[in-house]
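Listing of final.tsv; format and content: TSV, C-alpha atoms.
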chain	number	residue	atom	x	y	z
A	55	MET	CA	-21.79	99.65	-145.61
A	56	ILE	CA	-23.71	98.35	-142.61
A	57	GLU	CA	-21.87	98.44	-139.31
A	58	PRO	CA	-21.55	94.92	-137.85
A	59	GLU	CA	-22.42	94.22	-134.23
A	60	PRO	CA	-19.52	94.38	-131.75
A	61	ILE	CA	-19.83	90.65	-130.97
A	62	VAL	CA	-16.89	88.50	-132.07
A	63	GLY	CA	-17.07	84.70	-132.16
A	64	ARG	CA	-14.13	82.28	-131.88
A	65	TYR	CA	-13.35	78.62	-131.20
A	66	LEU	CA	-11.19	77.07	-128.51
A	67	THR	CA	-10.39	73.43	-127.75
A	68	VAL	CA	-10.10	72.54	-124.07
A	69	PRO	CA	-9.28	69.21	-122.41
A	70	VAL	CA	-11.57	67.82	-119.71
A	71	ASP	CA	-11.22	64.28	-118.29
A	72	GLY	CA	-8.77	63.36	-121.03
A	73	ARG	CA	-11.10	64.33	-123.88
A	74	ASP	CA	-10.94	67.36	-126.11
A	75	TYR	CA	-13.92	69.71	-126.38
A	76	ARG	CA	-14.04	72.22	-129.20
A	77	LEU	CA	-16.02	75.13	-127.82
A	78	TYR	CA	-17.55	78.08	-129.58
A	79	PHE	CA	-17.60	81.33	-127.64
A	80	GLU	CA	-18.45	84.91	-128.39
A	81	GLU	CA	-17.60	88.10	-126.62
A	82	ALA	CA	-17.77	91.87	-126.60
A	83	GLY	CA	-16.49	94.67	-124.38
A	84	ARG	CA	-13.56	95.18	-122.06
A	85	GLY	CA	-13.01	95.28	-118.34
A	86	CYS	CA	-14.16	92.87	-115.65
A	87	PRO	CA	-14.78	89.45	-117.23
A	88	LEU	CA	-18.45	88.44	-117.15
A	89	VAL	CA	-18.85	84.79	-118.19
A	90	CYS	CA	-22.42	83.93	-119.21
A	91	LEU	CA	-23.92	80.42	-119.10
A	92	HIS	CA	-26.92	79.59	-121.25
A	93	THR	CA	-29.99	77.56	-120.28
A	94	ALA	CA	-30.53	73.84	-120.90
A	95	GLY	CA	-30.93	72.91	-124.55
A	96	ALA	CA	-30.07	76.40	-125.80
A	97	HIS	CA	-26.88	78.30	-126.67
A	98	SER	CA	-24.86	81.45	-126.08
A	99	GLY	CA	-27.01	83.51	-128.45
A	100	GLN	CA	-29.24	84.17	-125.44
A	101	PHE	CA	-26.78	86.86	-124.33
A	102	ARG	CA	-26.46	88.76	-127.59
A	103	HIS	CA	-28.37	91.79	-126.32
A	104	LEU	CA	-26.09	92.14	-123.31
A	105	MET	CA	-23.07	92.11	-125.63
A	106	CYS	CA	-24.51	95.01	-127.61
A	107	ASP	CA	-25.28	97.13	-124.54
A	108	GLU	CA	-22.51	99.72	-124.23
A	109	THR	CA	-23.44	100.50	-120.65
A	110	VAL	CA	-22.34	96.94	-119.90
A	111	THR	CA	-19.53	96.46	-122.40
A	112	ASP	CA	-17.78	99.73	-121.42
A	113	ARG	CA	-16.86	98.07	-118.14
A	114	PHE	CA	-17.32	94.35	-118.68
A	115	ARG	CA	-15.79	91.86	-121.07
A	116	VAL	CA	-18.93	89.80	-121.69
A	117	ILE	CA	-18.11	86.24	-122.78
A	118	ALA	CA	-20.55	83.40	-123.47
A	119	PHE	CA	-19.67	79.91	-124.64
A	120	ASP	CA	-21.80	77.12	-126.01
A	121	MET	CA	-21.65	74.06	-123.80
A	122	PRO	CA	-20.43	70.90	-125.57
A	123	TRP	CA	-23.27	69.40	-127.68
A	124	HIS	CA	-24.97	72.84	-127.82
A	125	GLY	CA	-24.98	75.59	-130.43
A	126	LYS	CA	-21.77	75.61	-132.46
A	127	SER	CA	-19.70	73.69	-129.89
A	128	LEU	CA	-19.07	70.07	-130.78
A	129	PRO	CA	-19.73	66.94	-128.80
A	130	PRO	CA	-16.52	65.04	-128.06
A	131	ALA	CA	-15.14	62.57	-130.60
A	132	GLY	CA	-17.00	59.28	-130.20
A	133	TRP	CA	-20.30	60.98	-129.34
A	134	GLN	CA	-22.15	58.67	-131.68
A	135	ASP	CA	-21.55	55.74	-129.32
A	136	GLU	CA	-22.78	57.34	-126.12
A	137	GLU	CA	-25.75	59.05	-124.52
A	138	TYR	CA	-25.24	62.66	-123.51
A	139	ARG	CA	-25.86	63.13	-119.79
A	140	LEU	CA	-24.65	66.31	-118.15
A	141	THR	CA	-23.21	65.83	-114.66
A	142	GLY	CA	-22.53	68.46	-112.04
A	143	ARG	CA	-18.86	67.58	-111.89
A	144	PHE	CA	-18.35	67.88	-115.66
A	145	TYR	CA	-20.34	71.11	-115.76
A	146	ILE	CA	-18.09	72.75	-113.18
A	147	ASP	CA	-14.94	71.34	-114.79
A	148	ILE	CA	-15.77	72.67	-118.24
A	149	ILE	CA	-16.65	76.13	-116.91
A	150	MET	CA	-13.48	76.45	-114.85
A	151	THR	CA	-11.32	74.99	-117.63
A	152	PHE	CA	-12.76	77.55	-120.05
A	153	ILE	CA	-12.07	80.37	-117.57
A	154	GLU	CA	-8.49	79.21	-117.05
A	155	ALA	CA	-7.91	78.69	-120.77
A	156	LEU	CA	-8.77	82.34	-121.42
A	157	GLY	CA	-6.73	83.48	-118.42
A	158	LEU	CA	-9.68	85.33	-116.89
A	159	GLU	CA	-8.95	86.96	-113.52
A	160	ARG	CA	-11.71	86.53	-110.96
A	161	PRO	CA	-14.54	86.66	-113.46
A	162	VAL	CA	-18.14	87.20	-112.50
A	163	VAL	CA	-20.09	84.15	-113.68
A	164	MET	CA	-23.74	84.65	-114.59
A	165	GLY	CA	-25.82	81.63	-115.55
A	166	CYS	CA	-29.49	81.11	-116.30
A	167	SER	CA	-31.69	78.19	-115.25
A	168	MET	CA	-29.33	75.19	-115.11
A	169	GLY	CA	-26.60	77.82	-115.39
A	170	GLY	CA	-28.25	79.65	-112.51
A	171	ARG	CA	-28.04	76.51	-110.42
A	172	VAL	CA	-24.46	75.60	-111.22
A	173	VAL	CA	-23.19	79.07	-110.30
A	174	ILE	CA	-24.43	78.45	-106.75
A	175	ARG	CA	-22.23	75.37	-106.66
A	176	LEU	CA	-19.37	77.30	-108.28
A	177	ALA	CA	-19.56	79.91	-105.52
A	178	ARG	CA	-19.19	77.11	-102.97
A	179	VAL	CA	-16.31	75.15	-104.52
A	180	CYS	CA	-14.46	77.76	-106.63
A	181	GLY	CA	-15.52	81.02	-104.98
A	182	ASP	CA	-11.93	82.06	-104.24
A	183	ARG	CA	-11.25	82.22	-107.98
A	184	LEU	CA	-14.38	84.18	-108.88
A	185	GLY	CA	-15.45	87.79	-108.55
A	186	GLY	CA	-19.04	86.82	-107.82
A	187	VAL	CA	-21.92	84.86	-109.30
A	188	ILE	CA	-25.33	85.83	-110.59
A	189	GLY	CA	-27.93	83.10	-110.71
A	190	LEU	CA	-30.68	84.01	-113.15
A	191	GLU	CA	-33.72	81.84	-112.53
A	192	GLY	CA	-31.52	79.75	-110.27
A	193	THR	CA	-32.11	77.74	-107.10
A	194	ASP	CA	-30.04	75.20	-105.22
A	195	THR	CA	-32.44	72.29	-105.55
A	196	PRO	CA	-34.48	70.58	-108.30
A	197	GLU	CA	-38.25	71.15	-108.16
A	198	PRO	CA	-39.72	69.22	-111.11
A	199	TRP	CA	-42.97	70.62	-112.51
A	200	TYR	CA	-43.62	67.74	-114.92
A	201	ASP	CA	-43.38	63.99	-114.59
A	202	SER	CA	-39.95	62.48	-115.08
A	203	SER	CA	-41.40	59.95	-117.53
A	204	TRP	CA	-41.83	62.79	-120.03
A	205	THR	CA	-38.10	62.80	-120.71
A	206	GLY	CA	-38.56	59.32	-122.22
A	207	HIS	CA	-41.33	60.46	-124.58
A	208	PRO	CA	-40.20	60.46	-128.23
A	209	GLN	CA	-41.28	64.10	-128.57
A	210	PHE	CA	-38.87	65.13	-125.84
A	211	ASP	CA	-35.99	64.74	-128.29
A	212	THR	CA	-37.43	67.21	-130.79
A	213	GLY	CA	-36.74	70.92	-130.88
A	214	GLU	CA	-40.39	71.62	-131.57
A	215	PHE	CA	-41.43	69.97	-128.32
A	216	CYS	CA	-38.67	71.57	-126.24
A	217	SER	CA	-39.75	74.95	-127.56
A	218	ALA	CA	-43.39	74.28	-126.69
A	219	LEU	CA	-42.46	72.96	-123.26
A	220	VAL	CA	-40.58	76.11	-122.24
A	221	SER	CA	-42.78	78.57	-124.12
A	222	GLY	CA	-45.01	79.21	-121.12
A	223	LEU	CA	-42.01	80.19	-119.03
A	224	CYS	CA	-41.78	83.51	-120.87
A	225	ALA	CA	-43.71	86.47	-119.46
A	226	PRO	CA	-46.73	87.57	-121.53
A	227	HIS	CA	-45.28	91.08	-121.66
A	228	SER	CA	-42.15	90.00	-123.51
A	229	PRO	CA	-42.06	91.30	-127.09
A	230	ASP	CA	-43.17	88.66	-129.59
A	231	GLU	CA	-39.96	89.03	-131.58
A	232	PHE	CA	-37.73	88.19	-128.65
A	233	ARG	CA	-39.99	85.55	-127.15
A	234	TRP	CA	-39.99	83.66	-130.44
A	235	GLU	CA	-36.26	84.15	-130.88
A	236	THR	CA	-35.79	82.61	-127.42
A	237	LEU	CA	-37.95	79.67	-128.49
A	238	TRP	CA	-36.05	79.35	-131.76
A	239	HIS	CA	-32.94	78.48	-129.73
A	240	TYR	CA	-34.88	75.44	-128.53
A	241	HIS	CA	-36.00	74.56	-132.04
A	242	GLN	CA	-32.30	74.50	-132.94
A	243	GLY	CA	-31.24	71.99	-130.28
A	244	ALA	CA	-30.04	68.58	-131.37
A	245	GLY	CA	-32.10	65.55	-130.35
A	246	GLY	CA	-31.32	64.29	-126.85
A	247	VAL	CA	-29.36	67.35	-125.74
A	248	PHE	CA	-32.12	69.02	-123.71
A	249	ARG	CA	-32.86	65.62	-122.18
A	250	GLY	CA	-29.16	65.18	-121.39
A	251	ASP	CA	-29.11	68.54	-119.61
A	252	MET	CA	-32.08	67.42	-117.53
A	253	HIS	CA	-29.87	64.70	-116.05
A	254	PHE	CA	-28.13	67.49	-114.20
A	255	PHE	CA	-31.08	69.79	-113.71
A	256	ARG	CA	-33.79	67.40	-112.53
A	257	THR	CA	-31.84	64.95	-110.37
A	258	ALA	CA	-29.88	64.81	-107.15
A	259	ASP	CA	-26.86	65.69	-109.27
A	260	SER	CA	-27.81	69.34	-108.83
A	261	GLU	CA	-29.06	69.09	-105.25
A	262	PHE	CA	-26.96	71.63	-103.36
A	263	VAL	CA	-29.28	72.49	-100.46
A	264	GLY	CA	-27.11	70.87	-97.81
A	265	ASP	CA	-24.07	72.87	-98.83
A	266	SER	CA	-25.35	76.28	-99.87
A	267	GLY	CA	-25.07	77.70	-96.38
A	268	ALA	CA	-21.28	77.27	-96.47
A	269	ILE	CA	-20.81	79.73	-99.34
A	270	ASP	CA	-18.59	82.63	-98.33
A	271	THR	CA	-20.37	85.56	-99.93
A	272	ALA	CA	-17.74	87.98	-98.61
A	273	ALA	CA	-15.23	86.26	-100.91
A	274	CYS	CA	-17.68	85.53	-103.71
A	275	PRO	CA	-20.85	87.63	-103.73
A	276	VAL	CA	-24.01	85.76	-104.75
A	277	TRP	CA	-26.98	87.40	-106.47
A	278	LEU	CA	-30.17	85.53	-107.35
A	279	MET	CA	-32.47	87.18	-109.88
A	280	THR	CA	-35.78	85.59	-110.86
A	281	GLY	CA	-38.67	86.65	-113.08
A	282	GLU	CA	-42.12	86.70	-111.51
A	283	TYR	CA	-43.56	84.60	-114.36
A	284	ASP	CA	-41.05	81.77	-113.94
A	285	TYR	CA	-42.88	78.67	-112.70
A	286	SER	CA	-39.84	76.43	-113.19
A	287	CYS	CA	-37.64	78.38	-110.82
A	288	THR	CA	-40.26	80.29	-108.87
A	289	PRO	CA	-39.66	83.52	-106.95
A	290	GLU	CA	-40.60	81.61	-103.78
A	291	ALA	CA	-37.99	78.93	-104.47
A	292	THR	CA	-35.43	81.64	-105.16
A	293	LEU	CA	-36.15	83.33	-101.84
A	294	ARG	CA	-35.87	79.98	-100.05
A	295	THR	CA	-32.48	79.41	-101.67
A	296	ALA	CA	-31.30	82.91	-100.80
A	297	ALA	CA	-32.33	82.37	-97.19
A	298	ARG	CA	-29.91	79.44	-97.05
A	299	ILE	CA	-26.98	81.53	-98.33
A	300	PRO	CA	-25.91	84.16	-95.77
A	301	GLY	CA	-25.32	87.48	-97.51
A	302	ALA	CA	-26.92	86.53	-100.84
A	303	GLY	CA	-28.74	89.30	-102.68
A	304	THR	CA	-32.12	88.65	-104.28
A	305	VAL	CA	-34.02	90.46	-106.99
A	306	ILE	CA	-37.51	89.41	-108.09
A	307	MET	CA	-38.07	90.86	-111.53
A	308	GLU	CA	-41.49	92.02	-112.67
A	309	ARG	CA	-42.80	91.30	-116.17
A	310	LEU	CA	-40.07	88.73	-116.81
A	311	GLY	CA	-40.00	84.96	-117.03
A	312	HIS	CA	-37.37	82.23	-117.23
A	313	PHE	CA	-35.22	83.83	-119.97
A	314	PRO	CA	-34.83	87.47	-118.90
A	315	MET	CA	-31.74	88.26	-120.99
A	316	SER	CA	-33.28	87.07	-124.25
A	317	GLU	CA	-37.08	87.35	-123.87
A	318	ASN	CA	-37.10	91.01	-122.80
A	319	PRO	CA	-33.61	92.52	-122.73
A	320	ALA	CA	-34.82	96.09	-122.14
A	321	GLN	CA	-36.79	95.07	-119.05
A	322	PHE	CA	-33.94	92.89	-117.79
A	323	ARG	CA	-31.18	95.51	-117.99
A	324	GLY	CA	-33.06	97.72	-115.54
A	325	TYR	CA	-32.60	95.01	-112.93
A	326	LEU	CA	-29.15	93.81	-113.96
A	327	LEU	CA	-27.25	97.10	-114.19
A	328	PRO	CA	-27.49	97.92	-110.44
A	329	VAL	CA	-26.33	94.40	-109.59
A	330	LEU	CA	-23.34	94.69	-111.93
A	331	GLU	CA	-22.59	98.05	-110.31
A	332	ARG	CA	-22.55	96.47	-106.87
A	333	LEU	CA	-20.23	93.73	-108.05
A	334	LEU	CA	-17.82	96.25	-109.53
A	335	GLU	CA	-17.85	98.28	-106.32
A	336	GLY	CA	-17.02	95.17	-104.33
A	337	ARG	CA	-14.18	94.44	-106.70
A	338	GLY	CA	-12.58	97.79	-105.92
A	339	THR	CA	-12.20	98.92	-109.52
B	144	MET	CA	-62.05	90.66	-120.16
B	145	ASN	CA	-63.93	88.20	-122.37
B	146	ASP	CA	-66.41	85.47	-121.49
B	147	VAL	CA	-64.37	82.36	-122.16
B	148	ALA	CA	-67.33	80.08	-122.94
B	149	GLN	CA	-68.55	82.59	-125.49
B	150	VAL	CA	-65.12	82.94	-127.07
B	151	LEU	CA	-64.78	79.17	-127.15
B	152	ALA	CA	-67.83	78.97	-129.41
B	153	GLY	CA	-66.00	81.14	-131.95
B	154	LEU	CA	-62.62	79.47	-131.52
B	155	GLY	CA	-62.84	77.83	-134.93
B	156	SER	CA	-62.84	81.10	-136.82
B	157	ARG	CA	-60.12	82.59	-134.60
B	158	VAL	CA	-57.83	79.63	-135.29
B	159	GLY	CA	-58.86	79.40	-138.95
B	160	SER	CA	-57.89	83.01	-139.54
B	161	ARG	CA	-54.27	82.20	-138.72
B	162	PRO	CA	-53.00	80.02	-141.58
B	163	GLY	CA	-49.51	79.75	-140.09
B	164	LEU	CA	-50.95	78.33	-136.89
B	165	VAL	CA	-53.11	75.86	-138.83
B	166	HIS	CA	-50.10	74.78	-140.91
B	167	ALA	CA	-47.96	74.23	-137.82
B	168	GLY	CA	-50.72	72.03	-136.40
B	169	ARG	CA	-51.48	70.12	-139.57
B	170	ARG	CA	-50.81	66.76	-137.88
B	171	ALA	CA	-53.19	67.49	-135.00
B	172	SER	CA	-56.48	65.57	-135.35
B	173	PHE	CA	-58.05	64.62	-132.04
B	174	THR	CA	-60.63	65.81	-129.52
B	175	PHE	CA	-59.87	67.21	-126.08
B	176	LEU	CA	-62.08	68.23	-123.19
B	177	LEU	CA	-61.97	71.75	-121.84
B	178	GLU	CA	-63.94	72.15	-118.65
B	179	ILE	CA	-64.98	75.60	-117.48
B	180	GLY	CA	-66.14	75.03	-113.95
B	181	GLU	CA	-69.04	72.58	-114.27
B	182	ARG	CA	-69.47	73.14	-118.02
B	183	PRO	CA	-67.70	70.56	-120.25
B	184	PHE	CA	-66.77	71.44	-123.84
B	185	LEU	CA	-65.29	69.11	-126.44
B	186	VAL	CA	-62.87	70.75	-128.86
B	187	GLU	CA	-62.42	68.71	-132.03
B	188	LEU	CA	-59.24	69.39	-134.00
B	189	ASP	CA	-58.93	68.27	-137.61
B	190	ARG	CA	-55.54	68.78	-139.26
B	191	GLY	CA	-54.88	71.78	-137.08
B	192	ARG	CA	-58.25	73.46	-137.52
B	193	VAL	CA	-60.95	73.58	-134.88
B	194	ALA	CA	-63.61	71.49	-136.63
B	195	ALA	CA	-66.17	71.76	-133.82
B	196	VAL	CA	-66.70	72.97	-130.28
B	197	GLU	CA	-69.57	71.21	-128.54
B	198	GLU	CA	-70.92	71.88	-125.07
B	199	GLY	CA	-72.05	68.96	-122.88
B	200	PRO	CA	-73.42	67.31	-120.95
B	201	PHE	CA	-71.94	64.19	-122.53
B	202	VAL	CA	-72.75	60.57	-121.75
B	203	MET	CA	-69.50	58.61	-121.77
B	204	ARG	CA	-68.11	60.34	-124.87
B	205	SER	CA	-64.42	59.81	-125.43
B	206	TRP	CA	-61.72	62.44	-125.54
B	207	SER	CA	-57.94	62.32	-125.49
B	208	PHE	CA	-57.00	64.62	-122.61
B	209	ALA	CA	-58.82	67.05	-120.37
B	210	LEU	CA	-58.04	70.54	-119.14
B	211	ARG	CA	-60.20	71.32	-116.12
B	212	ALA	CA	-60.28	74.68	-114.37
B	213	SER	CA	-62.74	77.07	-112.79
B	214	ALA	CA	-64.43	79.80	-114.81
B	215	GLY	CA	-62.37	82.34	-112.87
B	216	THR	CA	-59.12	80.63	-113.78
B	217	TRP	CA	-59.95	80.49	-117.49
B	218	GLN	CA	-61.01	84.13	-117.25
B	219	LYS	CA	-57.59	85.05	-115.89
B	220	PHE	CA	-55.87	82.86	-118.48
B	221	ALA	CA	-57.72	84.66	-121.27
B	222	CYS	CA	-56.46	88.14	-120.28
B	223	ARG	CA	-54.02	89.83	-122.60
B	224	TYR	CA	-51.55	90.00	-119.71
B	225	PRO	CA	-52.47	87.21	-117.28
B	226	GLU	CA	-51.11	87.45	-113.77
B	227	PRO	CA	-48.23	85.08	-112.88
B	228	GLY	CA	-49.41	81.52	-112.47
B	229	PHE	CA	-52.33	81.93	-114.86
B	230	HIS	CA	-50.37	82.58	-118.05
B	231	ASP	CA	-49.84	78.96	-119.17
B	232	ILE	CA	-51.61	75.64	-118.64
B	233	PHE	CA	-48.52	74.13	-117.00
B	234	ALA	CA	-48.22	77.13	-114.69
B	235	MET	CA	-51.88	76.72	-113.77
B	236	ASN	CA	-51.29	73.01	-113.17
B	237	ARG	CA	-48.22	73.61	-111.04
B	238	PHE	CA	-50.01	76.06	-108.77
B	239	GLY	CA	-53.17	73.95	-108.50
B	240	HIS	CA	-55.42	76.14	-110.64
B	241	CYS	CA	-55.97	73.53	-113.33
B	242	ARG	CA	-56.00	69.75	-113.68
B	243	ILE	CA	-54.57	68.07	-116.76
B	244	GLU	CA	-55.75	64.48	-117.16
B	245	GLY	CA	-56.17	61.68	-119.68
B	246	ASP	CA	-53.87	60.69	-122.51
B	247	ILE	CA	-50.91	62.96	-121.81
B	248	ASP	CA	-49.02	61.39	-124.74
B	249	VAL	CA	-51.44	63.11	-127.15
B	250	LEU	CA	-50.93	66.43	-125.39
B	251	LEU	CA	-47.15	66.05	-125.54
B	252	ALA	CA	-47.21	65.03	-129.20
B	253	HIS	CA	-49.08	68.22	-130.12
B	254	LEU	CA	-48.10	70.51	-127.26
B	255	GLY	CA	-47.14	73.52	-129.35
B	256	HIS	CA	-50.37	73.44	-131.30
B	257	VAL	CA	-52.59	72.95	-128.25
B	258	LYS	CA	-50.96	75.95	-126.60
B	259	ALA	CA	-51.34	77.98	-129.78
B	260	VAL	CA	-55.05	77.08	-130.05
B	261	LEU	CA	-55.60	78.03	-126.41
B	262	SER	CA	-53.81	81.34	-126.95
B	263	CYS	CA	-56.64	82.18	-129.36
B	264	LEU	CA	-58.92	82.46	-126.31
B	265	ARG	CA	-57.07	85.64	-125.35
B	266	ASP	CA	-58.54	89.12	-125.64
B	267	ASP	CA	-56.03	90.17	-128.27
B	268	ALA	CA	-56.50	87.10	-130.47
B	269	SER	CA	-59.78	87.97	-132.16

So that I can check it, write out the structure of this file as structure tokens.
Amino acid sequence: MIEPEPIVGRYLTVPVDGRDYRLYFEEAGRGCPLVCLHTAGAHSGQFRHLMCDETVTDRFRVIAFDMPWHGKSLPPAGWQDEEYRLTGRFYIDIIMTFIEALGLERPVVMGCSMGGRVVIRLARVCGDRLGGVIGLEGTDTPEPWYDSSWTGHPQFDTGEFCSALVSGLCAPHSPDEFRWETLWHYHQGAGGVFRGDMHFFRTADSEFVGDSGAIDTAACPVWLMTGEYDYSCTPEATLRTAARIPGAGTVIMERLGHFPMSENPAQFRGYLLPVLERLLEGRGT
Amino acid sequence: MNDVAQVLAGLGSRVGSRPGLVHAGRRASFTFLLEIGERPFLVELDRGRVAAVEEGPFVMRSWSFALRASAGTWQKFACRYPEPGFHDIFAMNRFGHCRIEGDIDVLLAHLGHVKAVLSCLRDDAS
């Protein structure tokens, strides 16, 4: 016998805007709900290490779902007749619908990259229903580091290209095994999905600068954590975002890049555990 | 820390010793310019392998795309653990350490292989 990992995967169908979305999610642990949002073009597998970390799962119910079109979640019926384009409104709706469908009480929501950006918006518009947000590699404004015309290049719709594009965002110190596993998630993406996520991530649809200052961090604590090797969401951009959010906490993480939870989980946990501790203290449990 | 121009001369054998890398780049046949300060080098790829590395000067020779950076920048790039901003050509471009010019479509079409070939410049890749 070989003991299986504690992670359990399930499916759930939720309605958003009159359409059904069959979502795959996986979870482990018990306690304060911690909902994890993956990066653009990837899937919930990025959080598998966190779900196998007993220091976390002893006190947190760690839950990650694949966004529609990603991983093992399905696109909606009729997908073949449309172009996938993620919008900020849909992104927030699907996250909050998922949270309500599972009956989660004031969950902490932690997202990375595009997930790190949307949690800043979540804190602003749904903060009263959350126990806090953690933006990994997250800022409140798009800062493109390649020309927008690239998204129209035929290669942009291939997993091989997406993997190569993001490969430099990992820190050189990250173990080869986990760096390449992180890139494999991009190899797995269906054509057009990463590009569809960029509709949210690279446009005014995720421009929250004008509103970030109104976040009530007493009601919904905000933590921004960024790897020093991330040149998509840079440490400087993170600090600028944090300066706009009164009371936001910031952690710049050494020897980490854009995918801290999957590229170097051992290095990441050293930074994450104290933040989770602070969130639990604030929760009064 | 290695001398990048010197390593570049032996890039063909470094790449050729990694059959998986060559296989992954089997559709890559083109020539790109790598400029180390004032010194231009043409790197010719043939079905993933480095067929030739030639140092200029060149008189109106053609190439697909160019990667231009100072000797110091390439030196930092070639470290086993480069400092932030020098660990990837797009990072170097974003922070103004490197210019990427020419036929970007070729670079995008073979991005993974180009990055893999350049990673062979690193200290640990010999």

Counting only C-alpha atoms, collect the residues of chain A whose closest atom lies at most 8 Å from chain B, and write them out as a PyMOL selection string. chain A and resi 199+207+209+214-215+217-219+222-223+225-227+282-285

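Atom pair CA of Phe175 in chain B / CA of Cys263 in chain B: separated by 15.7 Å.
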
Pairwise distance, CA of Tyr240 in chain A with CA of Ala320 in chain A, equals 21.6 Å

Would you mind reading off the distance between CA of Ser98 in chain A and CA of Cys274 in chain A, one decimal, in Å? 23.8 Å

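Considering only C-alpha atoms, the residue among A:Thr304, A:Ser266, A:Thr151, A:Thr141 positioned nearest to Pro69 in chain A is A:Thr151.
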
Within 10 Å of (-47.8, 68.4, -139.2) (file coordinates; only C-alpha atoms), which protein or nucleic acid residues are there? I'd like them as a PyMOL selection string. chain B and resi 165-172+190-191+253+256
